[in-house]
Structure formats: structure tokens, C-alpha cells
Amino acid sequence: MKTLSLIASALVLSACASAPQAPSDPQDAFFQRLSALCGQTFEGRVTTDDPADDDFRAQRLVMQVRDCSDDEIGIPFAVGEDRSRRWVITRTEVGLRLKHDHRDENGEIHGYHMYGGDTAGPGTAERQEFPVDQDSIDQFNAAGATVSTTNVWAMEVRPGDAFVYELSRPNRLLRVEFDLTRPVES
């Protein structure tokens, strides 16, 4: 009887060791969900109705999850023919960081560059928020874009459903939702 009990215990332990473990940290889980999209391209659409986004709304919006490593994911975001935008999500010692890398077609820095922020809390496996950081505030103030000094960006990953990019601040909300059920050619 003791032998059967030991065998049963060993089987239970080996099953636990071989089963894939979900990350216990919401930021790790979020990063893992985003990493699972690496190599895929998706079309999106603006889901908010702010007239400031009419130009985006009228264009084809495409994101491509690529440049993936254990600590960083790069996501080029094209608005029509404009391919100057790239989101960069990086693991830090205390959370996640989102930066916006803007470059022209020759790779030269264009406009605002590497602005964004770090997570201020754990978020969830589905949603992470990135309040504007001091370097970005300084950049916006220097360029006279003080309205952007209260930006909060968010990203959501709902596997098998949607990826969402969001920009919010007082009197401003932009949400772009990408359909994860239908990858497209890049």
C-alpha cells in the first residue's frame, strides 16, 4: 500500500512539473501574451469617435509584432503609407515600459521620439497602463505640446480576440483595436 501511495505521489508531482505554468505576475503574463503574437500582422480600426482621429480612421491601420526577445518587443504601427511609428515594450526591473519610436523612411528620428512611460502598478494579464514619464514630459514641454504631459497609454491583449492601443488624457481618448482572429500579410 505504501508503494502505491509513493507511486501516486510521484505521478502527481511529475504531472505538475511538466504542465506549463502560467506566470503569476500580471506583467509577465501580459508580456507572454504579447510575445505569443510575434511574427504576426494584424489590421485595426479606431473605435472611439474623437474628430481629432478622423485621419487615422480614414487610413488602413496595421501592426506587426516582431523584434521579439525575452526582454523587448517591437511593434511597427503603420497608418496608411506612413510607417514612421513603432511601439517598443521593454521589461524593466520594476515593471514594463512603453516607448514610441518615430523615424522617417530613412531611419532618421522624426518628430517626438522615444516618449512614453512605465507601468505604475501591476495591471492585469490583459491590460497594462503606462503613465507619461518625466523624460517625455520634458520633451513635450520643450516642444510646446503641454497637453501631452498628462498622457496615459494602455495596451490590452485579449488572446484570440483583440489587441488594443489606447491614449487617454483629460478630454482625449483614442482607442485602436486590432483583430487577432484574422492575421494579415505584412
# chains A, B, ... in the order shown; residues from 1 in each chain; ligands from 1

$ closest_atom_pairs --of "segment 16-129 of chain A" --to "segment 165-174 of chain A" --cutoff "8 Å" --atoms "only C-alpha atoms" --output "Markdown table"
| residue | atom | partner | partner_atom | distance |
| --- | --- | --- | --- | --- |
| A:Val46 | CA | A:Leu174 | CA | 7.3 |
| A:Thr47 | CA | A:Leu174 | CA | 7.7 |
| A:Thr48 | CA | A:Leu174 | CA | 5.9 |
| A:Asp50 | CA | A:Leu173 | CA | 7.1 |
| A:Asp53 | CA | A:Leu174 | CA | 7.4 |

$ write_last_selection --atoms "all heavy atoms" --output "PDB file, in the first residue's frame"
ATOM      1  N   VAL A  46     -10.022  52.422 -35.579  1.00  0.00           N
ATOM      2  CA  VAL A  46     -10.273  53.330 -34.466  1.00  0.00           C
ATOM      3  C   VAL A  46     -11.674  53.036 -33.950  1.00  0.00           C
ATOM      4  O   VAL A  46     -12.627  52.977 -34.729  1.00  0.00           O
ATOM      5  CB  VAL A  46     -10.151  54.803 -34.921  1.00  0.00           C
ATOM      6  CG1 VAL A  46     -10.531  55.753 -33.799  1.00  0.00           C
ATOM      7  CG2 VAL A  46      -8.738  55.092 -35.431  1.00  0.00           C
ATOM      8  N   THR A  47     -11.803  52.845 -32.634  1.00  0.00           N
ATOM      9  CA  THR A  47     -13.116  52.514 -32.060  1.00  0.00           C
ATOM     10  C   THR A  47     -13.697  53.660 -31.242  1.00  0.00           C
ATOM     11  O   THR A  47     -14.785  53.517 -30.684  1.00  0.00           O
ATOM     12  CB  THR A  47     -13.029  51.252 -31.173  1.00  0.00           C
ATOM     13  OG1 THR A  47     -12.099  51.492 -30.118  1.00  0.00           O
ATOM     14  CG2 THR A  47     -12.597  50.050 -31.996  1.00  0.00           C
ATOM     15  N   THR A  48     -12.998  54.780 -31.173  1.00  0.00           N
ATOM     16  CA  THR A  48     -13.501  55.970 -30.485  1.00  0.00           C
ATOM     17  C   THR A  48     -13.915  56.996 -31.533  1.00  0.00           C
ATOM     18  O   THR A  48     -13.578  56.863 -32.711  1.00  0.00           O
ATOM     19  CB  THR A  48     -12.422  56.539 -29.551  1.00  0.00           C
ATOM     20  OG1 THR A  48     -11.174  56.604 -30.252  1.00  0.00           O
ATOM     21  CG2 THR A  48     -12.257  55.662 -28.320  1.00  0.00           C
ATOM     22  N   ASP A  50     -13.531  60.600 -31.476  1.00  0.00           N
ATOM     23  CA  ASP A  50     -12.955  61.935 -31.411  1.00  0.00           C
ATOM     24  C   ASP A  50     -12.619  62.412 -32.826  1.00  0.00           C
ATOM     25  O   ASP A  50     -11.918  61.723 -33.570  1.00  0.00           O
ATOM     26  CB  ASP A  50     -11.687  61.911 -30.550  1.00  0.00           C
ATOM     27  CG  ASP A  50     -11.164  63.286 -30.219  1.00  0.00           C
ATOM     28  OD1 ASP A  50     -11.235  64.193 -31.083  1.00  0.00           O
ATOM     29  OD2 ASP A  50     -10.663  63.468 -29.097  1.00  0.00           O
ATOM     30  N   ASP A  53      -9.195  62.170 -34.587  1.00  0.00           N
ATOM     31  CA  ASP A  53      -8.689  60.911 -35.138  1.00  0.00           C
ATOM     32  C   ASP A  53      -9.266  60.576 -36.508  1.00  0.00           C
ATOM     33  O   ASP A  53      -9.108  59.458 -36.992  1.00  0.00           O
ATOM     34  CB  ASP A  53      -8.977  59.769 -34.156  1.00  0.00           C
ATOM     35  CG  ASP A  53      -8.378  60.057 -32.808  1.00  0.00           C
ATOM     36  OD1 ASP A  53      -7.228  60.540 -32.764  1.00  0.00           O
ATOM     37  OD2 ASP A  53      -9.065  59.834 -31.790  1.00  0.00           O
TER      38      ASP A  53
END

$ residues_around --residues "segment 98-114 of chain A" --least-positions-apart "3" --cutoff "12 Å" --atoms "only C-alpha atoms" --output "VMD selection string"
chain A and resid 31 72 to 78 81 to 92 95 117 to 120 128 to 133 135 to 145 148 152 to 155 165 to 167

$ select_by_dssp --residues "segment 67-134 of chain A" --states "strand (DSSP E or B)" --output "PyMOL selection string"
chain A and resi 67-68+72-79+82-91+96-103+109+115-118+127-132

$ select_by_dssp --residues "segment 78-137 of chain A" --states "alpha helix (DSSP H)" --output "PDB file with C-alpha atoms, in the first residue's frame"
ATOM      1  CA  GLN A 134       9.430  62.701 -16.820  1.00  0.00           C
ATOM      2  CA  ASP A 135      11.674  62.462 -19.908  1.00  0.00           C
ATOM      3  CA  SER A 136       8.567  62.546 -22.089  1.00  0.00           C
ATOM      4  CA  ILE A 137       7.060  65.443 -20.129  1.00  0.00           C
TER       5      ILE A 137
END

$ closest_atom_pairs --of "segment 48-135 of chain A" --to "segment 160-163 of chain A" --cutoff "10 Å" --atoms "only C-alpha atoms" --output "tab-separated table"
residue	atom	partner	partner_atom	distance
A:Met63	CA	A:Phe163	CA	9.6
A:Glu126	CA	A:Phe163	CA	9.3
A:Arg127	CA	A:Phe163	CA	9.7

$ closest_residue --among "A:Asn151, A:Val94, A:Val65, A:Asp70" --to "Glu43 of chain A" --atoms "only C-alpha atoms"
A:Val65

$ decode --residues "segment 147-182 of chain A" --atoms "N, CA, C and O atoms" --output "compact mmCIF listing (two decimals), in the first residue's frame"
# COMPACT_ATOMS: atom_id res chain seq x y z
N VAL A 147 -0.21 69.77 -23.60
CA VAL A 147 -1.41 68.95 -23.46
C VAL A 147 -1.05 67.47 -23.29
O VAL A 147 -1.78 66.71 -22.67
N SER A 148 0.11 67.06 -23.81
CA SER A 148 0.52 65.65 -23.75
C SER A 148 1.19 65.26 -22.45
O SER A 148 1.50 64.09 -22.24
N THR A 149 1.40 66.22 -21.55
CA THR A 149 2.11 65.93 -20.30
C THR A 149 1.29 65.13 -19.29
O THR A 149 1.81 64.75 -18.24
N THR A 150 0.04 64.87 -19.61
CA THR A 150 -0.80 64.04 -18.74
C THR A 150 -1.21 62.73 -19.43
O THR A 150 -2.10 62.03 -18.94
N ASN A 151 -0.56 62.41 -20.53
CA ASN A 151 -0.91 61.20 -21.28
C ASN A 151 -0.78 59.94 -20.42
O ASN A 151 0.14 59.82 -19.61
N VAL A 152 -1.71 59.03 -20.65
CA VAL A 152 -1.59 57.67 -20.15
C VAL A 152 -1.88 56.78 -21.35
O VAL A 152 -2.94 56.88 -21.98
N TRP A 153 -0.92 55.92 -21.67
CA TRP A 153 -1.12 54.96 -22.75
C TRP A 153 -1.48 53.62 -22.12
O TRP A 153 -1.07 53.31 -21.00
N ALA A 154 -2.23 52.83 -22.83
CA ALA A 154 -2.56 51.49 -22.36
C ALA A 154 -2.53 50.54 -23.53
O ALA A 154 -2.74 50.94 -24.69
N MET A 155 -2.25 49.30 -23.23
CA MET A 155 -2.32 48.23 -24.21
C MET A 155 -3.08 47.09 -23.58
O MET A 155 -2.97 46.84 -22.38
N GLU A 156 -3.88 46.43 -24.42
CA GLU A 156 -4.63 45.25 -23.98
C GLU A 156 -4.34 44.12 -24.94
O GLU A 156 -4.25 44.34 -26.16
N VAL A 157 -4.20 42.93 -24.40
CA VAL A 157 -4.07 41.72 -25.23
C VAL A 157 -5.12 40.74 -24.75
O VAL A 157 -5.06 40.25 -23.62
N ARG A 158 -6.10 40.50 -25.63
CA ARG A 158 -7.14 39.51 -25.37
C ARG A 158 -6.93 38.39 -26.38
O ARG A 158 -7.36 38.49 -27.53
N PRO A 159 -6.21 37.32 -25.98
CA PRO A 159 -5.85 36.25 -26.92
C PRO A 159 -7.06 35.73 -27.70
O PRO A 159 -8.14 35.54 -27.14
N GLY A 160 -6.84 35.55 -28.99
CA GLY A 160 -7.90 35.04 -29.85
C GLY A 160 -8.99 36.04 -30.13
O GLY A 160 -10.00 35.72 -30.76
N ASP A 161 -8.81 37.29 -29.71
CA ASP A 161 -9.84 38.31 -29.89
C ASP A 161 -9.24 39.61 -30.40
O ASP A 161 -9.39 39.95 -31.57
N ALA A 162 -8.55 40.37 -29.53
CA ALA A 162 -8.12 41.71 -29.93
C ALA A 162 -6.87 42.17 -29.18
O ALA A 162 -6.61 41.74 -28.06
N PHE A 163 -6.14 43.06 -29.84
CA PHE A 163 -5.08 43.85 -29.23
C PHE A 163 -5.57 45.29 -29.30
O PHE A 163 -6.08 45.72 -30.34
N VAL A 164 -5.44 46.03 -28.21
CA VAL A 164 -5.90 47.42 -28.16
C VAL A 164 -4.75 48.32 -27.77
O VAL A 164 -4.00 48.03 -26.84
N TYR A 165 -4.62 49.43 -28.51
CA TYR A 165 -3.71 50.52 -28.16
C TYR A 165 -4.59 51.69 -27.77
O TYR A 165 -5.55 52.01 -28.48
N GLU A 166 -4.27 52.33 -26.65
CA GLU A 166 -5.10 53.42 -26.16
C GLU A 166 -4.23 54.58 -25.70
O GLU A 166 -3.18 54.38 -25.08
N LEU A 167 -4.68 55.78 -26.01
CA LEU A 167 -4.10 57.02 -25.49
C LEU A 167 -5.23 57.77 -24.80
O LEU A 167 -6.29 57.97 -25.40
N SER A 168 -4.99 58.16 -23.54
CA SER A 168 -6.01 58.94 -22.83
C SER A 168 -5.35 60.08 -22.07
O SER A 168 -4.19 59.99 -21.66
N ARG A 169 -6.10 61.14 -21.93
CA ARG A 169 -5.77 62.29 -21.09
C ARG A 169 -7.06 63.07 -20.96
O ARG A 169 -8.05 62.75 -21.64
N PRO A 170 -7.12 64.07 -20.11
CA PRO A 170 -8.37 64.83 -19.99
C PRO A 170 -8.86 65.32 -21.36
O PRO A 170 -8.09 65.86 -22.15
N ASN A 171 -10.11 65.09 -21.65
CA ASN A 171 -10.77 65.49 -22.91
C ASN A 171 -10.20 64.83 -24.15
O ASN A 171 -10.35 65.35 -25.27
N ARG A 172 -9.56 63.67 -23.99
CA ARG A 172 -8.99 62.98 -25.15
C ARG A 172 -8.96 61.48 -24.92
O ARG A 172 -8.49 61.02 -23.87
N LEU A 173 -9.48 60.73 -25.86
CA LEU A 173 -9.41 59.27 -25.81
C LEU A 173 -9.31 58.74 -27.23
O LEU A 173 -10.16 59.04 -28.07
N LEU A 174 -8.24 57.99 -27.48
CA LEU A 174 -8.06 57.28 -28.74
C LEU A 174 -7.89 55.81 -28.42
O LEU A 174 -7.06 55.45 -27.59
N ARG A 175 -8.71 54.97 -29.06
CA ARG A 175 -8.55 53.51 -28.94
C ARG A 175 -8.51 52.93 -30.34
O ARG A 175 -9.38 53.22 -31.17
N VAL A 176 -7.48 52.13 -30.59
CA VAL A 176 -7.36 51.41 -31.85
C VAL A 176 -7.39 49.93 -31.50
O VAL A 176 -6.59 49.47 -30.68
N GLU A 177 -8.33 49.21 -32.10
CA GLU A 177 -8.49 47.79 -31.81
C GLU A 177 -8.08 46.98 -33.03
O GLU A 177 -8.56 47.23 -34.14
N PHE A 178 -7.19 46.00 -32.80
CA PHE A 178 -6.69 45.14 -33.86
C PHE A 178 -7.32 43.76 -33.71
O PHE A 178 -7.35 43.21 -32.61
N ASP A 179 -7.77 43.21 -34.82
CA ASP A 179 -8.46 41.91 -34.84
C ASP A 179 -7.46 40.78 -34.84
O ASP A 179 -6.79 40.54 -35.86
N LEU A 180 -7.31 40.09 -33.71
CA LEU A 180 -6.37 38.98 -33.62
C LEU A 180 -6.89 37.69 -34.22
O LEU A 180 -6.16 36.71 -34.32
N THR A 181 -8.16 37.68 -34.64
CA THR A 181 -8.72 36.46 -35.23
C THR A 181 -8.35 36.32 -36.70
O THR A 181 -8.54 35.26 -37.27
N ARG A 182 -7.83 37.42 -37.29
CA ARG A 182 -7.55 37.40 -38.73
C ARG A 182 -6.20 38.02 -39.04
O ARG A 182 -6.11 39.17 -39.47
